[in-house]
>>> print(open('model-v4.tsv').read())   # TSV, C-alpha atoms
chain	number	residue	atom	x	y	z
Z	1	MET	CA	48.37	123.31	39.07
Z	2	LYS	CA	47.05	122.35	35.64
Z	3	LYS	CA	50.18	120.24	35.07
Z	4	ILE	CA	49.67	118.30	38.29
Z	5	VAL	CA	45.98	117.65	37.58
Z	6	SER	CA	46.73	116.54	34.01
Z	7	PHE	CA	49.50	114.27	35.33
Z	8	PHE	CA	47.09	112.58	37.76
Z	9	ILE	CA	44.46	112.17	35.05
Z	10	ILE	CA	47.00	110.50	32.75
Z	11	LEU	CA	48.19	108.31	35.62
Z	12	ILE	CA	44.64	107.22	36.46
Z	13	VAL	CA	43.91	106.42	32.82
Z	14	LEU	CA	47.09	104.35	32.49
Z	15	VAL	CA	46.42	102.42	35.69
Z	16	GLY	CA	42.79	101.90	34.69
Z	17	CYS	CA	43.79	100.45	31.30
Z	18	LYS	CA	45.97	97.85	32.96
Z	19	LYS	CA	42.95	95.79	33.97
Z	20	GLU	CA	42.91	92.10	33.05
Z	21	LEU	CA	41.24	91.19	29.79
Z	22	VAL	CA	40.49	87.66	30.96
Z	23	LYS	CA	39.76	86.70	34.53
Z	24	GLU	CA	41.96	84.06	36.08
Z	25	PRO	CA	40.16	80.70	36.00
Z	26	LYS	CA	39.49	78.89	39.27
Z	27	ARG	CA	41.58	75.88	38.22
Z	28	LEU	CA	44.43	77.66	36.44
Z	29	ILE	CA	47.24	75.37	35.28
Z	30	GLU	CA	50.59	76.51	36.64
Z	31	ARG	CA	52.81	78.29	34.14
Z	32	GLU	CA	55.60	75.67	34.10
Z	33	LYS	CA	53.12	72.82	33.79
Z	34	MET	CA	51.44	74.69	30.93
Z	35	VAL	CA	54.80	74.99	29.14
Z	36	LYS	CA	55.30	71.21	29.48
Z	37	ILE	CA	51.82	70.60	28.10
Z	38	MET	CA	52.49	72.93	25.16
Z	39	TYR	CA	55.75	71.04	24.49
Z	40	ASP	CA	54.00	67.67	24.48
Z	41	LEU	CA	51.24	68.99	22.23
Z	42	SER	CA	53.89	70.30	19.82
Z	43	LEU	CA	55.49	66.86	19.69
Z	44	LEU	CA	52.15	65.20	19.02
Z	45	GLU	CA	51.38	67.66	16.22
Z	46	ALA	CA	54.78	66.99	14.67
Z	47	MET	CA	54.09	63.26	14.83
Z	48	LYS	CA	50.73	63.79	13.13
Z	49	VAL	CA	52.38	65.72	10.31
Z	50	ASP	CA	55.35	63.36	9.96
Z	51	ASN	CA	53.45	60.07	10.11
Z	52	PRO	CA	49.66	60.46	10.01
Z	53	ALA	CA	49.10	56.71	9.69
Z	54	LEU	CA	50.84	56.15	13.02
Z	55	MET	CA	48.58	58.61	14.80
Z	56	ASP	CA	45.49	57.19	13.09
Z	57	SER	CA	46.36	53.75	14.45
Z	58	PHE	CA	45.83	55.02	18.00
Z	59	LYS	CA	42.23	54.49	19.01
Z	60	SER	CA	42.10	57.37	21.46
Z	61	ASN	CA	42.56	61.05	20.74
Z	62	SER	CA	46.13	62.23	21.34
Z	63	ASN	CA	44.87	65.19	23.38
Z	64	GLN	CA	43.16	62.74	25.74
Z	65	TYR	CA	46.58	61.27	26.43
Z	66	ILE	CA	47.90	64.71	27.43
Z	67	TYR	CA	44.91	65.37	29.67
Z	68	LYS	CA	45.41	62.04	31.39
Z	69	LYS	CA	49.18	62.51	31.73
Z	70	TYR	CA	48.86	65.90	33.42
Z	71	LYS	CA	45.62	65.07	35.26
Z	72	ILE	CA	43.67	67.92	33.70
Z	73	ASP	CA	40.54	68.16	31.59
Z	74	SER	CA	39.87	69.88	28.28
Z	75	VAL	CA	37.93	72.76	29.87
Z	76	GLN	CA	40.71	73.45	32.35
Z	77	PHE	CA	43.25	73.43	29.54
Z	78	ALA	CA	41.16	75.69	27.30
Z	79	GLN	CA	40.51	78.22	30.07
Z	80	SER	CA	44.16	78.27	31.11
Z	81	ASN	CA	45.29	78.62	27.51
Z	82	ILE	CA	42.95	81.58	26.95
Z	83	TYR	CA	44.14	83.19	30.18
Z	84	TYR	CA	47.82	82.89	29.26
Z	85	ALA	CA	47.19	83.95	25.64
Z	86	ALA	CA	45.54	87.17	26.85
Z	87	ASP	CA	48.98	88.41	27.89
Z	88	TYR	CA	50.75	88.25	24.54
Z	89	LYS	CA	54.28	88.91	25.83
Z	90	GLU	CA	54.04	86.26	28.54
Z	91	TYR	CA	52.55	83.77	26.09
Z	92	GLU	CA	55.38	84.46	23.65
Z	93	LYS	CA	57.91	83.75	26.41
Z	94	MET	CA	56.19	80.44	27.07
Z	95	TYR	CA	56.33	79.50	23.39
Z	96	ASN	CA	60.00	80.49	23.25
Z	97	GLN	CA	60.67	78.08	26.13
Z	98	VAL	CA	58.93	75.35	24.15
Z	99	LYS	CA	60.92	76.26	21.03
Z	100	VAL	CA	64.25	76.13	22.88
Z	101	ARG	CA	63.40	72.73	24.35
Z	102	LEU	CA	62.35	71.39	20.94
Z	103	GLU	CA	65.59	72.60	19.37
Z	104	LYS	CA	67.67	70.94	22.11
Z	105	GLU	CA	65.84	67.67	21.56
Z	106	LYS	CA	66.30	68.02	17.81
Z	107	GLU	CA	70.06	68.43	18.28
Z	108	LYS	CA	70.16	65.31	20.45
Z	109	VAL	CA	68.20	63.29	17.91
Z	110	ASN	CA	70.38	64.51	15.04
Z	111	SER	CA	73.56	63.56	16.90
Z	112	LEU	CA	72.14	60.11	17.67
Z	113	VAL	CA	71.18	59.63	14.01
Z	114	LYS	CA	74.69	60.61	12.91
Z	115	LEU	CA	76.24	58.26	15.48
Z	116	LYS	CA	74.03	55.39	14.35
Z	117	ALA	CA	74.90	56.04	10.70
Z	118	LYS	CA	78.59	56.08	11.55
Z	119	LYS	CA	78.31	52.77	13.44
Z	120	GLU	CA	76.43	51.19	10.54
Z	121	MET	CA	79.07	52.42	8.10
Z	122	LEU	CA	81.87	50.95	10.25
Z	123	LYS	CA	79.96	47.68	10.59
Z	124	ALA	CA	79.48	47.50	6.81
Z	125	LYS	CA	83.20	48.10	6.24
Z	126	GLU	CA	84.06	45.34	8.71
Z	127	GLU	CA	81.65	42.94	7.01
Z	128	ASN	CA	83.15	43.79	3.62
Z	129	LYS	CA	86.63	43.07	4.99
Z	130	LEU	CA	85.46	39.70	6.32
Z	131	LYS	CA	83.83	38.83	2.99
Z	132	ALA	CA	86.99	39.77	1.13
Z	133	LYS	CA	89.08	37.65	3.50
Z	134	LYS	CA	86.76	34.65	3.09
Z	135	ILE	CA	86.92	34.97	-0.68
Z	136	SER	CA	90.71	35.16	-0.66
Z	137	ASP	CA	90.93	32.18	1.72
Z	138	SER	CA	88.64	30.09	-0.47
Z	139	ILE	CA	90.75	30.91	-3.53
Z	140	LYS	CA	93.88	29.71	-1.74
Z	141	ASN	CA	92.12	26.52	-0.71
Z	142	VAL	CA	91.05	25.85	-4.27
Z	143	LYS	CA	94.60	26.32	-5.52
Z	144	LEU	CA	95.96	24.01	-2.87
Z	145	LYS	CA	93.45	21.33	-3.69
Z	146	THR	CA	94.18	21.53	-7.37
Z	147	THR	CA	97.91	21.26	-6.81
Z	148	LYS	CA	97.42	18.19	-4.65
Z	149	LYS	CA	95.28	16.61	-7.33
Z	150	GLU	CA	97.95	17.33	-9.89
Z	151	ASP	CA	100.52	15.71	-7.65
Z	152	SER	CA	98.35	12.66	-7.16
Z	153	ILE	CA	97.79	12.44	-10.89
Z	154	LYS	CA	101.53	12.58	-11.49
Z	155	LYS	CA	102.05	9.79	-8.96
Z	156	VAL	CA	99.53	7.62	-10.71
Z	157	LEU	CA	101.18	8.26	-14.05
Z	158	PHE	CA	104.66	7.55	-12.69
Z	159	GLU	CA	103.52	4.37	-10.99
Z	160	GLU	CA	102.03	3.02	-14.19
Z	161	LYS	CA	105.29	3.38	-16.04
>>> encode(input="model-v4.tsv", output="structure tokens")
Amino acid sequence: MKKIVSFFIILIVLVGCKKELVKEPKRLIEREKMVKIMYDLSLLEAMKVDNPALMDSFKSNSNQYIYKKYKIDSVQFAQSNIYYAADYKEYEKMYNQVKVRLEKEKEKVNSLVKLKAKKEMLKAKEENKLKAKKISDSIKNVKLKTTKKEDSIKKVLFEEK
């Protein structure tokens, strides 16, 4: 009997500890939408770090752009962020989704950069070939012109004699 009572006490304590730390806000942002917002905010932060002058040139706050894009306000975002952060494991999953998406985009950008560099290298080689051909053609033309002049000089000399 003592075992059954102690089991129920432990069960009640465990169930009682499962209560929410933060109450769900009235205007909670959906989980998937929140992940998209976190992704966009990560991009904006990376832009700020990479090129601060670019971000300073914008007159409005970059967060205002996000709020406008997703039709939310700063309070709604803050409350939703606190709510999701209260469940550490779920919040970590959300950040992992953002991380995976950022890495995919990084791979795409890197492949495009490599492709562009390869095209530029091929274009430079082609231009060098054309320059080399023009130089060789102009040398031939100069030789031909000089030989014609020599011939015309010889004719003048032979005619005078």
>>> closest_residue(input="model-v4.tsv", among="Z:Glu92, Z:Asp87, Z:Glu120, Z:Glu103", to="Lys23 of chain Z", atoms="all atoms listed in the file")
Z:Asp87
>>> atom_distance(input="model-v4.tsv", atom1="atom CA of Asn96 of chain Z", atom2="atom CA of Glu32 of chain Z")
12.7 Å
>>> atom_distance(input="model-v4.tsv", atom1="atom CA of Leu43 of chain Z", atom2="atom CA of Leu102 of chain Z")
8.3 Å
>>> residues_near_point(input="model-v4.tsv", point="(43.4, 76.0, 38.4)", cutoff="10 Å", atoms="only C-alpha atoms", output="PyMOL selection string")
chain Z and resi 24-30+72+76-77+79-80
>>> write_last_selection(input="model-v4.tsv", atoms="C-alpha atoms", output="mmCIF file, keeping the file's coordinate frame")
data_model
loop_
_atom_site.group_PDB
_atom_site.id
_atom_site.type_symbol
_atom_site.label_atom_id
_atom_site.label_comp_id
_atom_site.auth_asym_id
_atom_site.auth_seq_id
_atom_site.Cartn_x
_atom_site.Cartn_y
_atom_site.Cartn_z
ATOM 1 C CA GLU Z 24 41.960 84.060 36.080
ATOM 2 C CA PRO Z 25 40.160 80.700 36.000
ATOM 3 C CA LYS Z 26 39.490 78.890 39.270
ATOM 4 C CA ARG Z 27 41.580 75.880 38.220
ATOM 5 C CA LEU Z 28 44.430 77.660 36.440
ATOM 6 C CA ILE Z 29 47.240 75.370 35.280
ATOM 7 C CA GLU Z 30 50.590 76.510 36.640
ATOM 8 C CA ILE Z 72 43.670 67.920 33.700
ATOM 9 C CA GLN Z 76 40.710 73.450 32.350
ATOM 10 C CA PHE Z 77 43.250 73.430 29.540
ATOM 11 C CA GLN Z 79 40.510 78.220 30.070
ATOM 12 C CA SER Z 80 44.160 78.270 31.110
#
>>> residues_around(input="model-v4.tsv", residues="Leu21 of chain Z", least_positions_apart="5", cutoff="12 Å", atoms="only C-alpha atoms", output="PyMOL selection string")
chain Z and resi 16+82-88
>>> residues_near_point(input="model-v4.tsv", point="(53.5, 72.0, 31.5)", cutoff="12 Å", atoms="all atoms listed in the file", output="number ranges by chain")
Z: 28-42, 66-67, 69-72, 77, 80-81, 94-95, 97-98
>>> axis_aligned_box(input="model-v4.tsv", around="segment 103-107 of chain Z", padding_each_side="3 Å", output="lines of an AutoDock Vina configuration file")
center_x = 67.8
center_y = 70.1
center_z = 20.0
size_x = 10.5
size_y = 10.9
size_z = 10.3
>>> atom_distance(input="model-v4.tsv", atom1="atom CA of Ala78 of chain Z", atom2="atom CA of Asn63 of chain Z")
11.8 Å
